[in-house]
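Trainee: Dropping a structure here in structure tokens format, bear with me for questions.
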Amino acid sequence: MDSVKENYKNVFSTKFSIKCYTEEQEENWDSFVKKKSMNGTFLQTRKFINYHPKDRFKDCSLMIYKGNTLTACVLGCEWIEEGEKVFFSHKGTTFGGIVIGKQIYNATSINELMDCMEDYLREQQFDKIYLKMTPAVFERENTDLLDYFLYQKGYEQYTELNYYMHLNRYRENILSQFSAGKRRDYRYALKNNLIFEKLETKEQIMQFYDVLQINLNKLGLKSVHSYEDLIDLKYNRFVQEIEFYGVFLEKKMIAGSMVFLFDGRIMHTQYLSSDEQYQKLFPMDFLIYHLIECAVEKQLELFTFGICTENQGRYLNFGLSRFKEGFGTEFCLNKSFEKRLLPS
């Protein structure tokens, strides 16, 4: 009995320590995120984040150890905002946040880890911390304990509204899950000789990128990725995890999507774009139907559409929301957390 008590004591008494990420730790980092964490995805690996040029962000990522065991990773870049130094996790990916290992998933350890991380960042003179956490639908295991301690330690929460589908409902009849309006639009699209294809060549991806630019320019937005970024990600880094699809009218691409595949479970539409002058042909409805069909054929569990919110969730684009809801979506939350670490 005494030995059991001593082992229990040792588990909870070992202090956390923090090391800054260095390039020599890339393999160790990626192995932890992909194989040992509860909530890591390829978007939080060094293999992904390093597609950015080295001078785009000032990296300050953290590796958190308990004893000699890596127990958490936090992608981070130094960001100057209104003259203040912010630890931002992360500007270069959809989400970053705290990627946690199951061996420390208990209240005592999470509490100590959070205090250790904040103390370290204060020592490094960070005024604020901002964490874009892994959304629950992308986690391998539930990490609500992290959310609790972020709340308990006074973080302000920002909530984006995310749209997704459980694919079990779509396996027998995809159209049956669509609204009446979406069923009508898809059936009309079938009359327009549209062709859906997986994009296999760099030339086809260039066509997709051109359609994406047309769509973004209409909205007054700039592309996060260059064409060269997309080629690097697809052909050099994530051959199996990233795919491209297009809708063609004769030989002209009029709509397309870049999708991410997560852990053999999820298809996520990273980009959905169409050429507005062909809107009356309903190429986007045609595209989404066939993307869902692909996800079903791959035996995936979820299809995620991304958010319809802006300004940290304060503004909801109701037009985009109605469009996505028409395909039978459900709703979940993407959470970000912010806290001041030093007095203003």
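Starting from 1 in every chain, residues are counted up; chains themselves are A, B, ... following the order of the structure tokens, and ligands are numbered from 1 as listed.
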Can you tell me which residues surround range 82-93 of chain A at a distance of at most 8 Å, considering only C-alpha atoms, apart from same-chain residues fewer than 5 positions away, and format the answer as a PyMOL selection string?
Mentor: chain A and resi 43-44+49+52+57+60+74-77+121+125-132
Trainee: With N, CA and C atoms kept, could you save the residues just selected as a PDB file, in the first residue's frame?
Mentor:
```pdb
ATOM      1  N   LEU A  43      -2.608  19.614 -39.044  1.00  0.00           N
ATOM      2  CA  LEU A  43      -2.494  21.073 -39.110  1.00  0.00           C
ATOM      3  C   LEU A  43      -1.613  21.638 -37.998  1.00  0.00           C
ATOM      4  N   GLN A  44      -1.333  20.827 -36.972  1.00  0.00           N
ATOM      5  CA  GLN A  44      -0.484  21.293 -35.871  1.00  0.00           C
ATOM      6  C   GLN A  44       0.907  20.665 -35.900  1.00  0.00           C
ATOM      7  N   ILE A  49       3.169  23.342 -40.672  1.00  0.00           N
ATOM      8  CA  ILE A  49       3.418  24.765 -40.397  1.00  0.00           C
ATOM      9  C   ILE A  49       4.667  25.257 -41.109  1.00  0.00           C
ATOM     10  N   HIS A  52       5.231  27.481 -44.485  1.00  0.00           N
ATOM     11  CA  HIS A  52       5.404  28.938 -44.482  1.00  0.00           C
ATOM     12  C   HIS A  52       6.888  29.284 -44.581  1.00  0.00           C
ATOM     13  N   PHE A  57       6.633  34.183 -39.962  1.00  0.00           N
ATOM     14  CA  PHE A  57       6.264  34.262 -38.549  1.00  0.00           C
ATOM     15  C   PHE A  57       7.504  34.095 -37.687  1.00  0.00           C
ATOM     16  N   CYS A  60       7.695  30.724 -31.780  1.00  0.00           N
ATOM     17  CA  CYS A  60       8.014  30.628 -30.344  1.00  0.00           C
ATOM     18  C   CYS A  60       7.236  29.456 -29.742  1.00  0.00           C
ATOM     19  N   VAL A  74       2.546  23.297 -27.966  1.00  0.00           N
ATOM     20  CA  VAL A  74       1.739  24.473 -28.279  1.00  0.00           C
ATOM     21  C   VAL A  74       2.407  25.230 -29.422  1.00  0.00           C
ATOM     22  N   LEU A  75       1.843  25.116 -30.630  1.00  0.00           N
ATOM     23  CA  LEU A  75       2.322  25.953 -31.731  1.00  0.00           C
ATOM     24  C   LEU A  75       2.191  27.409 -31.327  1.00  0.00           C
ATOM     25  N   GLY A  76       3.209  28.208 -31.616  1.00  0.00           N
ATOM     26  CA  GLY A  76       3.090  29.610 -31.260  1.00  0.00           C
ATOM     27  C   GLY A  76       3.945  30.491 -32.138  1.00  0.00           C
ATOM     28  N   CYS A  77       3.449  31.690 -32.404  1.00  0.00           N
ATOM     29  CA  CYS A  77       4.259  32.710 -33.069  1.00  0.00           C
ATOM     30  C   CYS A  77       4.106  34.016 -32.294  1.00  0.00           C
ATOM     31  N   LEU A 121       5.523  32.304 -20.113  1.00  0.00           N
ATOM     32  CA  LEU A 121       5.253  33.373 -21.074  1.00  0.00           C
ATOM     33  C   LEU A 121       5.401  34.755 -20.437  1.00  0.00           C
ATOM     34  N   GLN A 125       8.072  37.969 -21.299  1.00  0.00           N
ATOM     35  CA  GLN A 125       7.510  39.316 -21.515  1.00  0.00           C
ATOM     36  C   GLN A 125       6.403  39.359 -22.563  1.00  0.00           C
ATOM     37  N   PHE A 126       5.605  38.303 -22.623  1.00  0.00           N
ATOM     38  CA  PHE A 126       4.409  38.345 -23.457  1.00  0.00           C
ATOM     39  C   PHE A 126       3.292  39.049 -22.708  1.00  0.00           C
ATOM     40  N   ASP A 127       2.674  40.023 -23.369  1.00  0.00           N
ATOM     41  CA  ASP A 127       1.574  40.761 -22.748  1.00  0.00           C
ATOM     42  C   ASP A 127       0.286  39.955 -22.738  1.00  0.00           C
ATOM     43  N   LYS A 128       0.065  39.148 -23.809  1.00  0.00           N
ATOM     44  CA  LYS A 128      -1.179  38.392 -23.949  1.00  0.00           C
ATOM     45  C   LYS A 128      -0.884  37.011 -24.506  1.00  0.00           C
ATOM     46  N   ILE A 129      -1.861  36.130 -24.358  1.00  0.00           N
ATOM     47  CA  ILE A 129      -1.842  34.821 -25.003  1.00  0.00           C
ATOM     48  C   ILE A 129      -3.169  34.629 -25.721  1.00  0.00           C
ATOM     49  N   TYR A 130      -3.108  34.067 -26.937  1.00  0.00           N
ATOM     50  CA  TYR A 130      -4.314  33.792 -27.725  1.00  0.00           C
ATOM     51  C   TYR A 130      -4.207  32.373 -28.258  1.00  0.00           C
ATOM     52  N   LEU A 131      -5.196  31.539 -27.955  1.00  0.00           N
ATOM     53  CA  LEU A 131      -5.183  30.127 -28.317  1.00  0.00           C
ATOM     54  C   LEU A 131      -6.390  29.779 -29.181  1.00  0.00           C
ATOM     55  N   LYS A 132      -6.151  29.279 -30.399  1.00  0.00           N
ATOM     56  CA  LYS A 132      -7.220  28.749 -31.249  1.00  0.00           C
ATOM     57  C   LYS A 132      -7.225  27.236 -31.051  1.00  0.00           C
TER      58      LYS A 132
END
```
Trainee: Pick out each residue of range 142-290 of chain A that DSSP on the backbone tags as alpha helix (DSSP H); I need them as a PyMOL selection string.
Mentor: chain A and resi 144-152+180-189+202-219+227-231+283-290
Trainee: Write a file of the just-selected residues containing N, CA and C atoms, as a short mmCIF file (atom, residue, chain, number, x, y, z; two decimals), in the first residue's frame.
Mentor:
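Listed below is the output, part32.cif:
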```cif
data_model
loop_
_atom_site.label_atom_id
_atom_site.label_comp_id
_atom_site.auth_asym_id
_atom_site.auth_seq_id
_atom_site.Cartn_x
_atom_site.Cartn_y
_atom_site.Cartn_z
N ASP A 144 -12.56 18.44 -22.84
CA ASP A 144 -13.31 19.51 -22.18
C ASP A 144 -12.59 20.04 -20.93
N LEU A 145 -11.74 19.22 -20.34
CA LEU A 145 -11.00 19.65 -19.15
C LEU A 145 -10.13 20.87 -19.47
N LEU A 146 -9.57 20.92 -20.68
CA LEU A 146 -8.80 22.09 -21.08
C LEU A 146 -9.69 23.33 -21.10
N ASP A 147 -10.87 23.22 -21.70
CA ASP A 147 -11.80 24.35 -21.75
C ASP A 147 -12.16 24.83 -20.34
N TYR A 148 -12.36 23.87 -19.44
CA TYR A 148 -12.73 24.26 -18.07
C TYR A 148 -11.64 25.10 -17.43
N PHE A 149 -10.39 24.65 -17.54
CA PHE A 149 -9.32 25.40 -16.87
C PHE A 149 -9.02 26.72 -17.56
N LEU A 150 -9.25 26.82 -18.85
CA LEU A 150 -9.13 28.11 -19.51
C LEU A 150 -10.18 29.08 -18.96
N TYR A 151 -11.39 28.59 -18.77
CA TYR A 151 -12.43 29.40 -18.15
C TYR A 151 -12.07 29.75 -16.69
N GLN A 152 -11.62 28.73 -15.95
CA GLN A 152 -11.34 28.92 -14.54
C GLN A 152 -10.21 29.92 -14.31
N ALA A 180 -35.79 20.94 -49.49
CA ALA A 180 -36.51 20.85 -50.77
C ALA A 180 -35.86 21.75 -51.81
N GLY A 181 -35.44 22.94 -51.40
CA GLY A 181 -34.80 23.88 -52.32
C GLY A 181 -33.48 23.34 -52.85
N LYS A 182 -32.70 22.72 -51.98
CA LYS A 182 -31.40 22.17 -52.42
C LYS A 182 -31.60 20.95 -53.32
N ARG A 183 -32.61 20.15 -53.06
CA ARG A 183 -32.89 19.02 -53.95
C ARG A 183 -33.26 19.53 -55.34
N ARG A 184 -34.06 20.58 -55.39
CA ARG A 184 -34.46 21.18 -56.67
C ARG A 184 -33.23 21.73 -57.41
N ASP A 185 -32.37 22.45 -56.68
CA ASP A 185 -31.19 23.06 -57.31
C ASP A 185 -30.25 21.98 -57.87
N TYR A 186 -30.06 20.91 -57.11
CA TYR A 186 -29.17 19.85 -57.58
C TYR A 186 -29.75 19.19 -58.84
N ARG A 187 -31.04 18.92 -58.84
CA ARG A 187 -31.66 18.28 -60.00
C ARG A 187 -31.59 19.17 -61.23
N TYR A 188 -31.68 20.48 -61.01
CA TYR A 188 -31.52 21.40 -62.14
C TYR A 188 -30.08 21.36 -62.65
N ALA A 189 -29.10 21.29 -61.71
CA ALA A 189 -27.69 21.23 -62.11
C ALA A 189 -27.42 20.02 -62.99
N LYS A 202 -1.00 19.35 -61.68
CA LYS A 202 -0.71 20.71 -61.24
C LYS A 202 -1.44 21.73 -62.12
N GLU A 203 -1.61 21.40 -63.38
CA GLU A 203 -2.34 22.31 -64.28
C GLU A 203 -3.80 22.44 -63.85
N GLN A 204 -4.41 21.33 -63.44
CA GLN A 204 -5.79 21.39 -62.95
C GLN A 204 -5.88 22.19 -61.65
N ILE A 205 -4.89 22.03 -60.78
CA ILE A 205 -4.90 22.80 -59.53
C ILE A 205 -4.72 24.29 -59.83
N MET A 206 -3.97 24.63 -60.85
CA MET A 206 -3.86 26.03 -61.27
C MET A 206 -5.22 26.56 -61.72
N GLN A 207 -5.99 25.73 -62.44
CA GLN A 207 -7.34 26.15 -62.84
C GLN A 207 -8.20 26.39 -61.60
N PHE A 208 -8.10 25.49 -60.63
CA PHE A 208 -8.84 25.68 -59.38
C PHE A 208 -8.41 26.99 -58.70
N TYR A 209 -7.12 27.23 -58.67
CA TYR A 209 -6.62 28.44 -58.00
C TYR A 209 -7.16 29.70 -58.69
N ASP A 210 -7.27 29.66 -60.01
CA ASP A 210 -7.84 30.80 -60.74
C ASP A 210 -9.29 31.04 -60.34
N VAL A 211 -10.08 29.95 -60.22
CA VAL A 211 -11.48 30.08 -59.78
C VAL A 211 -11.53 30.63 -58.36
N LEU A 212 -10.63 30.17 -57.51
CA LEU A 212 -10.57 30.66 -56.13
C LEU A 212 -10.31 32.16 -56.10
N GLN A 213 -9.39 32.63 -56.93
CA GLN A 213 -9.08 34.06 -56.95
C GLN A 213 -10.28 34.88 -57.42
N ILE A 214 -11.02 34.37 -58.40
CA ILE A 214 -12.23 35.06 -58.87
C ILE A 214 -13.20 35.22 -57.71
N ASN A 215 -13.38 34.14 -56.95
CA ASN A 215 -14.32 34.15 -55.83
C ASN A 215 -13.86 35.11 -54.74
N LEU A 216 -12.58 35.07 -54.39
CA LEU A 216 -12.05 35.93 -53.32
C LEU A 216 -12.08 37.40 -53.73
N ASN A 217 -11.74 37.69 -54.98
CA ASN A 217 -11.76 39.07 -55.45
C ASN A 217 -13.15 39.67 -55.36
N LYS A 218 -14.17 38.84 -55.65
CA LYS A 218 -15.56 39.29 -55.55
C LYS A 218 -15.89 39.71 -54.11
N LEU A 219 -15.29 38.99 -53.15
CA LEU A 219 -15.55 39.27 -51.74
C LEU A 219 -14.59 40.31 -51.15
N TYR A 227 -0.46 29.81 -55.05
CA TYR A 227 -0.51 28.58 -55.84
C TYR A 227 0.65 27.67 -55.47
N GLU A 228 1.84 28.26 -55.27
CA GLU A 228 3.02 27.47 -54.90
C GLU A 228 2.82 26.79 -53.55
N ASP A 229 2.12 27.47 -52.61
CA ASP A 229 1.81 26.86 -51.32
C ASP A 229 0.97 25.60 -51.50
N LEU A 230 -0.06 25.70 -52.34
CA LEU A 230 -0.95 24.55 -52.56
C LEU A 230 -0.19 23.37 -53.16
N ILE A 231 0.69 23.66 -54.11
CA ILE A 231 1.47 22.60 -54.75
C ILE A 231 2.42 21.95 -53.74
N PRO A 283 -23.49 25.15 -59.91
CA PRO A 283 -22.33 24.26 -59.84
C PRO A 283 -21.90 23.95 -58.40
N MET A 284 -22.15 24.87 -57.48
CA MET A 284 -21.74 24.63 -56.09
C MET A 284 -22.58 23.53 -55.45
N ASP A 285 -23.88 23.51 -55.71
CA ASP A 285 -24.73 22.44 -55.20
C ASP A 285 -24.30 21.09 -55.79
N PHE A 286 -23.97 21.11 -57.08
CA PHE A 286 -23.49 19.92 -57.76
C PHE A 286 -22.18 19.44 -57.12
N LEU A 287 -21.27 20.39 -56.86
CA LEU A 287 -19.98 20.07 -56.25
C LEU A 287 -20.15 19.45 -54.87
N ILE A 288 -20.96 20.07 -54.03
CA ILE A 288 -21.10 19.60 -52.65
C ILE A 288 -21.76 18.23 -52.60
N TYR A 289 -22.76 17.99 -53.44
CA TYR A 289 -23.36 16.66 -53.50
C TYR A 289 -22.29 15.61 -53.76
N HIS A 290 -21.42 15.86 -54.74
CA HIS A 290 -20.43 14.85 -55.11
C HIS A 290 -19.30 14.76 -54.09
#
```
Trainee: CA of His166 in chain A and CA of Leu291 in chain A, how far apart in Å?
Mentor: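 Between CA of Leu291 in chain A and CA of His166 in chain A the gap is 13.8 Å.
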Trainee: With distances taken over only C-alpha atoms, which residue among A:Met117, A:Leu342, A:Ile104, A:Leu233 lies nearest Asn50 in chain A?
Mentor: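 Distance minimum relative to Asn50 in chain A lands on A:Leu233.
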Trainee: For the interface of range 162-259 of chain A with range 307-311 of chain A (cut-off 12 Å, counting only C-alpha atoms), please tabulate each contacting residue of range 162-259 of chain A alongside its nearest pair of atoms and their separation in Å to one decimal, rows sorted by chain and increasing number, as CSV.
Mentor:
```
residue,atom,partner,partner_atom,distance
A:Asn162,CA,A:Ile307,CA,4.3
A:Tyr163,CA,A:Ile307,CA,6.2
A:Tyr164,CA,A:Ile307,CA,9.3
```
Trainee: If we count only C-alpha atoms, what is near Val137 in chain A at a cut-off of 9 Å, once residues fewer than 5 positions away on the same chain are taken out, given as a list in words?
Mentor: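 These residues fall inside the cut-off: Tyr164, Ile266, Leu302, Thr304, Cys332 and Leu333 of chain A.
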Trainee: Write the residues of the selection above to a file with N, CA, C and O atoms, as a PDB file, in the first residue's frame.
Mentor:
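Written file, out_10.pdb:
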```
ATOM      1  N   TYR A 164     -21.312  21.032 -39.847  1.00  0.00           N
ATOM      2  CA  TYR A 164     -20.800  19.713 -40.209  1.00  0.00           C
ATOM      3  C   TYR A 164     -21.958  18.732 -40.361  1.00  0.00           C
ATOM      4  O   TYR A 164     -23.109  19.041 -40.054  1.00  0.00           O
ATOM      5  N   ILE A 266     -12.670  12.214 -41.311  1.00  0.00           N
ATOM      6  CA  ILE A 266     -13.309  13.490 -41.616  1.00  0.00           C
ATOM      7  C   ILE A 266     -12.842  14.023 -42.960  1.00  0.00           C
ATOM      8  O   ILE A 266     -11.647  14.002 -43.273  1.00  0.00           O
ATOM      9  N   LEU A 302     -17.502  12.007 -40.786  1.00  0.00           N
ATOM     10  CA  LEU A 302     -17.991  13.382 -40.748  1.00  0.00           C
ATOM     11  C   LEU A 302     -17.589  14.143 -42.001  1.00  0.00           C
ATOM     12  O   LEU A 302     -16.552  13.861 -42.609  1.00  0.00           O
ATOM     13  N   THR A 304     -17.136  18.208 -42.759  1.00  0.00           N
ATOM     14  CA  THR A 304     -17.173  19.522 -42.108  1.00  0.00           C
ATOM     15  C   THR A 304     -17.063  20.625 -43.144  1.00  0.00           C
ATOM     16  O   THR A 304     -16.254  20.560 -44.063  1.00  0.00           O
ATOM     17  N   CYS A 332     -21.579  22.905 -34.451  1.00  0.00           N
ATOM     18  CA  CYS A 332     -20.662  22.755 -33.324  1.00  0.00           C
ATOM     19  C   CYS A 332     -19.885  24.066 -33.195  1.00  0.00           C
ATOM     20  O   CYS A 332     -20.030  24.979 -34.017  1.00  0.00           O
ATOM     21  N   LEU A 333     -19.068  24.158 -32.165  1.00  0.00           N
ATOM     22  CA  LEU A 333     -18.387  25.412 -31.854  1.00  0.00           C
ATOM     23  C   LEU A 333     -16.881  25.283 -32.027  1.00  0.00           C
ATOM     24  O   LEU A 333     -16.280  24.298 -31.603  1.00  0.00           O
TER      25      LEU A 333
END
```
Trainee: Could you write out, as number ranges by chain, all the residues of range 17-198 of chain A that DSSP marks as strand (DSSP E or B)?
Mentor: A: 17-20, 37, 58-59, 62-66, 69-74, 77-81, 84-89, 98-101, 128-132, 156-166, 194-198
Trainee: Which of these, A:Cys294, A:Leu161, A:Leu320, A:Ala255, has the shortest distance to Glu243 in chain A once you count only C-alpha atoms?
Mentor: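 Among the listed residues, the smallest separation from Glu243 in chain A belongs to A:Cys294.
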Trainee: CA of Ser321 in chain A and CA of Glu139 in chain A are how many Å apart?
Mentor: 23.8 Å
Trainee: Report the closest atom pair, with its distance in Å rounded to one decimal, for each residue of range 43-134 of chain A that has an atom no farther than 9 Å from range 235-238 of chain A; count only C-alpha atoms, sort by chain and then rising residue number, and write it as CSV.
Mentor:
```
residue,atom,partner,partner_atom,distance
A:Lys47,CA,A:Arg237,CA,6.7
A:Phe48,CA,A:Arg237,CA,7.1
A:Tyr51,CA,A:Arg237,CA,8.4
```
Trainee: CA of Asn39 in chain A and CA of Trp79 in chain A are how many Å apart?
Mentor: 24.2 Å
Trainee: Check the smallest atom-to-atom distance from each of A:Phe42, A:Ser17, A:Arg122, A:Pro343 to Thr94 in chain A using only C-alpha atoms, then report the winner.
Mentor: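 Distance minimum relative to Thr94 in chain A lands on A:Phe42.
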Trainee: In terms of the shortest atom-to-atom distance over only C-alpha atoms, which of A:Met63, A:Gln240, A:Tyr245, A:Glu141 is closest to Cys116 in chain A?
Mentor: A:Met63
